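Peer 1: Following this line is work.cif, made up of mmCIF, C-alpha atoms:
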data_upload
loop_
_atom_site.label_atom_id
_atom_site.label_comp_id
_atom_site.auth_asym_id
_atom_site.auth_seq_id
_atom_site.Cartn_x
_atom_site.Cartn_y
_atom_site.Cartn_z
CA MET S 24 0.00 0.00 0.00
CA PRO S 25 1.50 3.37 -0.96
CA VAL S 26 2.07 5.73 1.94
CA VAL S 27 -0.15 8.80 2.18
CA VAL S 28 -0.34 11.81 4.46
CA LYS S 29 -3.71 11.82 6.23
CA GLY S 30 -5.86 14.70 4.99
CA VAL S 31 -6.12 16.44 8.36
CA VAL S 32 -2.31 16.29 8.74
CA ALA S 33 -1.74 17.64 5.23
CA GLN S 34 -4.28 20.41 5.82
CA SER S 35 -2.49 21.47 9.01
CA THR S 36 0.66 21.89 6.89
CA PHE S 37 -1.16 24.02 4.34
CA GLU S 38 -2.82 26.10 7.07
CA TYR S 39 0.60 26.77 8.60
CA VAL S 40 1.94 28.00 5.26
CA LYS S 41 -1.01 30.34 4.76
CA GLU S 42 -1.05 31.65 8.35
CA ALA S 43 2.71 32.04 8.80
CA HIS S 44 3.59 33.24 5.30
CA GLY S 45 0.39 34.37 3.59
CA GLN S 46 -1.83 33.31 0.73
CA ASP S 47 0.70 34.57 -1.83
CA VAL S 48 3.38 32.15 -0.60
CA TRP S 49 0.86 29.29 -0.59
CA GLU S 50 -0.04 30.08 -4.20
CA ARG S 51 3.63 30.33 -5.24
CA CYS S 52 4.33 26.91 -3.68
CA VAL S 53 1.33 25.30 -5.38
CA ALA S 54 2.28 26.92 -8.73
CA LYS S 55 5.62 25.07 -8.64
CA LEU S 56 3.86 21.69 -8.63
CA THR S 57 2.83 19.51 -11.57
CA ASP S 58 -0.85 19.45 -12.41
CA ALA S 59 -1.24 16.02 -10.75
CA ASP S 60 0.51 17.16 -7.56
CA ARG S 61 -1.48 20.40 -7.53
CA VAL S 62 -4.72 18.41 -7.62
CA ALA S 63 -3.46 16.08 -4.87
CA VAL S 64 -2.54 18.89 -2.45
CA THR S 65 -5.61 21.03 -3.07
CA ALA S 66 -8.28 18.28 -3.08
CA GLY S 67 -8.67 18.29 0.70
CA GLY S 68 -8.18 14.54 1.21
CA ASN S 69 -5.26 12.24 1.84
CA VAL S 70 -2.16 13.26 -0.12
CA PRO S 71 0.30 10.73 -1.61
CA LEU S 72 3.61 10.96 0.29
CA GLU S 73 5.60 11.81 -2.85
CA ALA S 74 3.23 14.66 -3.79
CA MET S 75 3.54 16.02 -0.26
CA GLY S 76 7.32 15.70 -0.58
CA ARG S 77 7.32 17.79 -3.74
CA PHE S 78 5.18 20.38 -1.95
CA ASN S 79 7.80 20.41 0.83
CA GLU S 80 10.54 21.04 -1.74
CA ALA S 81 8.53 23.89 -3.30
CA PHE S 82 7.99 25.39 0.17
CA VAL S 83 11.74 25.26 0.94
CA ASP S 84 12.50 26.85 -2.43
CA VAL S 85 9.96 29.67 -1.98
CA VAL S 86 10.30 30.38 1.76
CA CYS S 87 13.86 29.32 2.55
CA ASN S 88 15.60 29.90 -0.77
CA GLY S 89 16.88 26.33 -0.44
CA SER S 90 18.44 26.83 3.02
CA ARG S 91 18.57 23.61 5.05
CA SER S 92 18.76 25.43 8.40
CA CYS S 93 15.77 27.63 7.51
CA ALA S 94 13.89 24.49 6.40
CA GLN S 95 14.66 22.79 9.72
CA ASP S 96 13.27 25.75 11.66
CA GLU S 97 10.18 26.09 9.45
CA PHE S 98 9.28 22.40 9.49
CA ARG S 99 9.75 22.16 13.25
CA ARG S 100 7.43 25.16 13.74
CA MET S 101 5.00 23.60 11.28
CA GLY S 102 5.03 20.33 13.25
CA ALA S 103 4.54 22.15 16.55
CA LYS S 104 1.52 24.05 15.18
CA SER S 105 0.08 20.80 13.86
CA ALA S 106 0.52 19.14 17.27
CA GLU S 107 -1.36 22.00 18.91
CA LYS S 108 -4.19 21.74 16.41
CA LEU S 109 -4.48 17.95 16.49
CA LEU S 110 -3.68 17.19 20.16
CA LEU S 111 -5.57 19.95 21.96
CA GLY S 112 -9.31 20.51 22.27
CA ASN S 113 -11.27 18.44 19.79
CA GLY S 114 -8.29 17.62 17.55
CA ILE S 115 -8.27 14.23 15.85
CA PHE S 116 -5.51 12.93 18.14
CA ALA S 117 -6.69 14.64 21.35
CA ILE S 118 -7.73 11.31 22.86
CA PHE S 119 -4.08 10.17 22.70
CA ALA S 120 -2.95 13.19 24.75
CA ARG S 121 -5.50 13.26 27.55
CA PHE S 122 -4.30 12.50 31.06
CA VAL S 123 -1.08 10.84 29.96
CA THR S 124 2.62 11.03 30.75
CA PRO S 125 5.35 11.36 28.09
CA LYS S 126 6.01 7.62 28.59
CA GLN S 127 2.40 6.85 27.69
CA VAL S 128 2.60 9.17 24.69
CA LEU S 129 5.59 7.20 23.44
CA SER S 130 3.72 3.94 23.92
CA ARG S 131 0.83 5.35 21.84
CA ALA S 132 3.08 6.82 19.15
CA GLU S 133 2.81 3.82 16.83
CA ASN S 134 -0.96 4.20 16.48
CA VAL S 135 -0.77 7.98 16.05
CA ILE S 136 1.94 7.79 13.38
CA LYS S 137 0.18 5.01 11.46
CA THR S 138 -3.00 7.09 11.52
CA ALA S 139 -1.17 10.22 10.32
CA TYR S 140 0.82 8.36 7.64
CA PRO S 141 -1.20 5.30 6.56
CA GLY S 142 1.06 2.67 4.98
CA VAL S 143 4.19 3.21 7.12
CA ALA S 144 5.78 0.67 9.44
CA VAL S 145 6.55 1.89 12.97
CA ASN S 146 8.64 0.45 15.78
CA VAL S 147 8.70 2.12 19.21
CA THR S 148 11.07 1.27 22.07
CA LEU S 149 11.05 2.84 25.52
CA ASP S 150 14.38 3.31 27.31
CA PRO S 151 14.74 1.26 30.52
CA ASP S 152 14.85 4.48 32.60
CA GLU S 153 11.53 5.55 30.99
CA GLY S 154 13.01 8.97 30.23
CA GLY S 155 12.97 8.54 26.47
CA GLY S 156 13.09 6.08 23.66
CA ASN S 157 13.29 5.55 19.93
CA ILE S 158 10.75 5.63 17.15
CA THR S 159 11.64 4.12 13.78
CA ILE S 160 9.32 4.93 10.88
CA SER S 161 9.88 3.04 7.61
CA GLY S 162 8.36 3.94 4.26
CA MET S 163 9.11 7.67 4.29
CA SER S 164 11.29 7.96 1.16
CA GLY S 165 10.03 10.75 -1.09
CA TYR S 166 9.07 13.05 1.80
CA PRO S 167 12.05 15.42 2.13
CA TYR S 168 12.12 17.59 5.25
CA GLY S 169 9.31 15.49 6.72
CA SER S 170 11.50 14.24 9.54
CA GLN S 171 11.79 17.78 10.89
CA ARG S 172 8.03 18.25 10.81
CA ILE S 173 7.71 15.07 12.89
CA VAL S 174 10.47 16.27 15.26
CA GLY S 175 8.55 19.52 15.83
CA TRP S 176 5.31 17.60 16.34
CA LEU S 177 6.88 15.27 18.91
CA LEU S 178 8.63 18.09 20.79
CA ARG S 179 5.38 20.02 21.12
CA GLY S 180 3.41 16.86 21.87
CA ILE S 181 5.70 16.02 24.79
CA GLU S 182 5.28 19.58 26.09
CA ILE S 183 1.49 19.41 25.74
CA VAL S 184 1.32 16.39 28.06
CA GLY S 185 3.66 18.07 30.55
CA GLY S 186 7.05 16.73 29.53
CA ARG S 187 9.97 18.91 30.56
CA ASN S 188 13.19 19.61 28.68
CA ALA S 189 12.16 17.48 25.71
CA ARG S 190 14.77 16.69 23.09
CA VAL S 191 14.01 14.96 19.80
CA THR S 192 16.50 14.29 17.02
CA GLU S 193 16.39 12.30 13.80
CA ARG S 194 19.60 10.46 12.97
CA ASN S 195 19.39 10.59 9.16
CA TRP S 196 18.78 14.36 9.22
CA ASP S 197 21.70 14.77 11.62
CA ALA S 198 23.83 12.78 9.13
CA GLY S 199 23.02 15.37 6.44
CA ARG S 200 20.14 13.67 4.61
CA ILE S 201 16.96 15.66 3.91
CA ASP S 202 15.13 12.54 2.67
CA SER S 203 15.42 8.93 3.79
CA GLU S 204 13.45 5.70 3.68
CA THR S 205 13.60 5.41 7.46
CA TYR S 206 13.25 8.06 10.13
CA ASP S 207 15.19 7.09 13.25
CA LEU S 208 13.91 9.40 15.98
CA VAL S 209 15.53 9.64 19.41
CA LEU S 210 13.42 11.16 22.20
CA ARG S 211 14.41 12.23 25.72
CA TRP S 212 12.60 14.15 28.45
CA GLU S 213 13.10 14.94 32.12
CA GLY S 214 9.91 13.94 33.86
CA TRP S 215 6.66 15.77 33.55
CA LYS S 216 4.70 18.45 35.33
#
Take the structure in this file and express it as structure tokens.

Peer 2:
Amino acid sequence: MPVVVKGVVAQSTFEYVKEAHGQDVWERCVAKLTDADRVAVTAGGNVPLEAMGRFNEAFVDVVCNGSRSCAQDEFRRMGAKSAEKLLLGNGIFAIFARFVTPKQVLSRAENVIKTAYPGVAVNVTLDPDEGGGNITISGMSGYPYGSQRIVGWLLRGIEIVGGRNARVTERNWDAGRIDSETYDLVLRWEGWK
């Protein structure tokens, strides 16, 4: 089954672009896409991972002038805004964030990620000290910069449930790759409020 980005997740990306950078930037990003990709990202439903990846590349070209460090900052902010929208109030994933600790969030991460990105494989391990763990997501090739969106989402998600001093990194990004088949995320936190 080809991997897709769940419609509500894709829409939170597009809303971020419009709110943070304006309708003009949104339109310039969409104009850079092929007709097929343009239809996929504007239809309002699930978006094929590769089409979303090409949107990400257009966004980095338009907003960041190709800068990797700017892209990292933008995609982390984008992920954080998405976490706020989807984890708080009546958001689609709010049930996963109610009355839980960061440890419980990590244990629920597999279901959340598979819902957000249908078609991926996910493996979650909790560190023995319960102060962190690893999430491996396979099937993400063709989604450049996506790891940093997920990093931002996880950082904000840990904060939302009361985690303190959260740190999230992705090993392939840290090794210089903007796109990879597997995201290898490392999470740490220092207790919770």

Peer 1: So how many Å separate CA of Lys55 in chain S and CA of Gln95 in chain S, to one decimal?

Peer 2: 20.6 Å

Peer 1: Which residues are close to range 96-110 of chain S, i.e. within 10 Å by only C-alpha atoms, leaving aside same-chain residues fewer than 3 positions away? Reply as an MDAnalysis selection string.

Peer 2: chainID S and resid 31:40 43 79 82:83 86:87 91:93 113:121 168:184

Peer 1: CA of Asp84 in chain S and CA of Gly199 in chain S, how far apart in Å?

Peer 2: 17.9 Å

Peer 1: Assuming the chain letters and numbering stay as they are in my file, what does the PyMOL selection byres ((chain S and resi 196) around 10) actually select? List them as a PyMOL selection string.

Peer 2: chain S and resi 95+167-171+192-195+197-203+206-208

Peer 1: Once you have the residues from the selection above, write them out as an mmCIF file, keeping the file's coordinate frame, restricted to C-alpha atoms.

Peer 2:
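Printed below is again_13.cif as written:
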data_model
loop_
_atom_site.group_PDB
_atom_site.id
_atom_site.type_symbol
_atom_site.label_atom_id
_atom_site.label_comp_id
_atom_site.auth_asym_id
_atom_site.auth_seq_id
_atom_site.Cartn_x
_atom_site.Cartn_y
_atom_site.Cartn_z
ATOM 1 C CA GLN S 95 14.660 22.790 9.720
ATOM 2 C CA PRO S 167 12.050 15.420 2.130
ATOM 3 C CA TYR S 168 12.120 17.590 5.250
ATOM 4 C CA GLY S 169 9.310 15.490 6.720
ATOM 5 C CA SER S 170 11.500 14.240 9.540
ATOM 6 C CA GLN S 171 11.790 17.780 10.890
ATOM 7 C CA THR S 192 16.500 14.290 17.020
ATOM 8 C CA GLU S 193 16.390 12.300 13.800
ATOM 9 C CA ARG S 194 19.600 10.460 12.970
ATOM 10 C CA ASN S 195 19.390 10.590 9.160
ATOM 11 C CA ASP S 197 21.700 14.770 11.620
ATOM 12 C CA ALA S 198 23.830 12.780 9.130
ATOM 13 C CA GLY S 199 23.020 15.370 6.440
ATOM 14 C CA ARG S 200 20.140 13.670 4.610
ATOM 15 C CA ILE S 201 16.960 15.660 3.910
ATOM 16 C CA ASP S 202 15.130 12.540 2.670
ATOM 17 C CA SER S 203 15.420 8.930 3.790
ATOM 18 C CA TYR S 206 13.250 8.060 10.130
ATOM 19 C CA ASP S 207 15.190 7.090 13.250
ATOM 20 C CA LEU S 208 13.910 9.400 15.980
#

Peer 1: Point out the residue among S:Val27, S:Leu56, S:Met75, S:Val209 with the least atom-to-atom distance to Leu129 in chain S, counting only C-alpha atoms.

Peer 2: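 Of the candidates, the smallest distance to Leu129 in chain S is held by S:Val209.
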
Peer 1: In Å, with one decimal, what is the gap from CA of Gly165 in chain S to CA of Glu73 in chain S?

Peer 2: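 Taking CA of Gly165 in chain S as the start and CA of Glu73 in chain S as the end point, the length is 4.9 Å.
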
Peer 1: Which of these, S:Ala59, S:Leu210, S:Leu72, S:Val53, has the shortest distance to Gly186 in chain S once you count all atoms listed in the file?

Peer 2: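 Among the listed residues, the smallest separation from Gly186 in chain S belongs to S:Leu210.
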
Peer 1: Could you state which residues are captured by the PyMOL selection byres ((chain S and resi 151-160) around 7) in this file, as a list in words?

Peer 2: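 So the PyMOL selection byres ((chain S and resi 151-160) around 7) ends up selecting Lys126, Val143, Ala144, Val145, Asn146, Val147, Thr148, Leu149, Asp150, Ser161, Gly162, Thr205, Tyr206, Asp207, Leu208, Val209, Leu210, Arg211, Trp212, Glu213 and Gly214 of chain S.
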
Peer 1: Identify all residues satisfying the PyMOL selection byres ((chain S and resi 140) around 9) in the given file; provide them as a list of chain:residue names.

Peer 2: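 Output from the PyMOL selection byres ((chain S and resi 140) around 9), applied to this file: S:Val26, S:Val27, S:Val28, S:Lys29, S:Val32, S:Leu72, S:Val135, S:Ile136, S:Lys137, S:Thr138, S:Ala139, S:Pro141, S:Gly142, S:Val143, S:Met163.
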
Peer 1: Could you check which of S:Leu111, S:Ala132, S:Val85, S:Ala189 is closest to His44 in chain S, using only C-alpha atoms?

Peer 2: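 Closest candidate: S:Val85.
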
Peer 1: From the list S:Ala74, S:Val48, S:Ala94, S:Val128, which residue is nearest Ser164 in chain S when using only C-alpha atoms?

Peer 2: S:Ala74
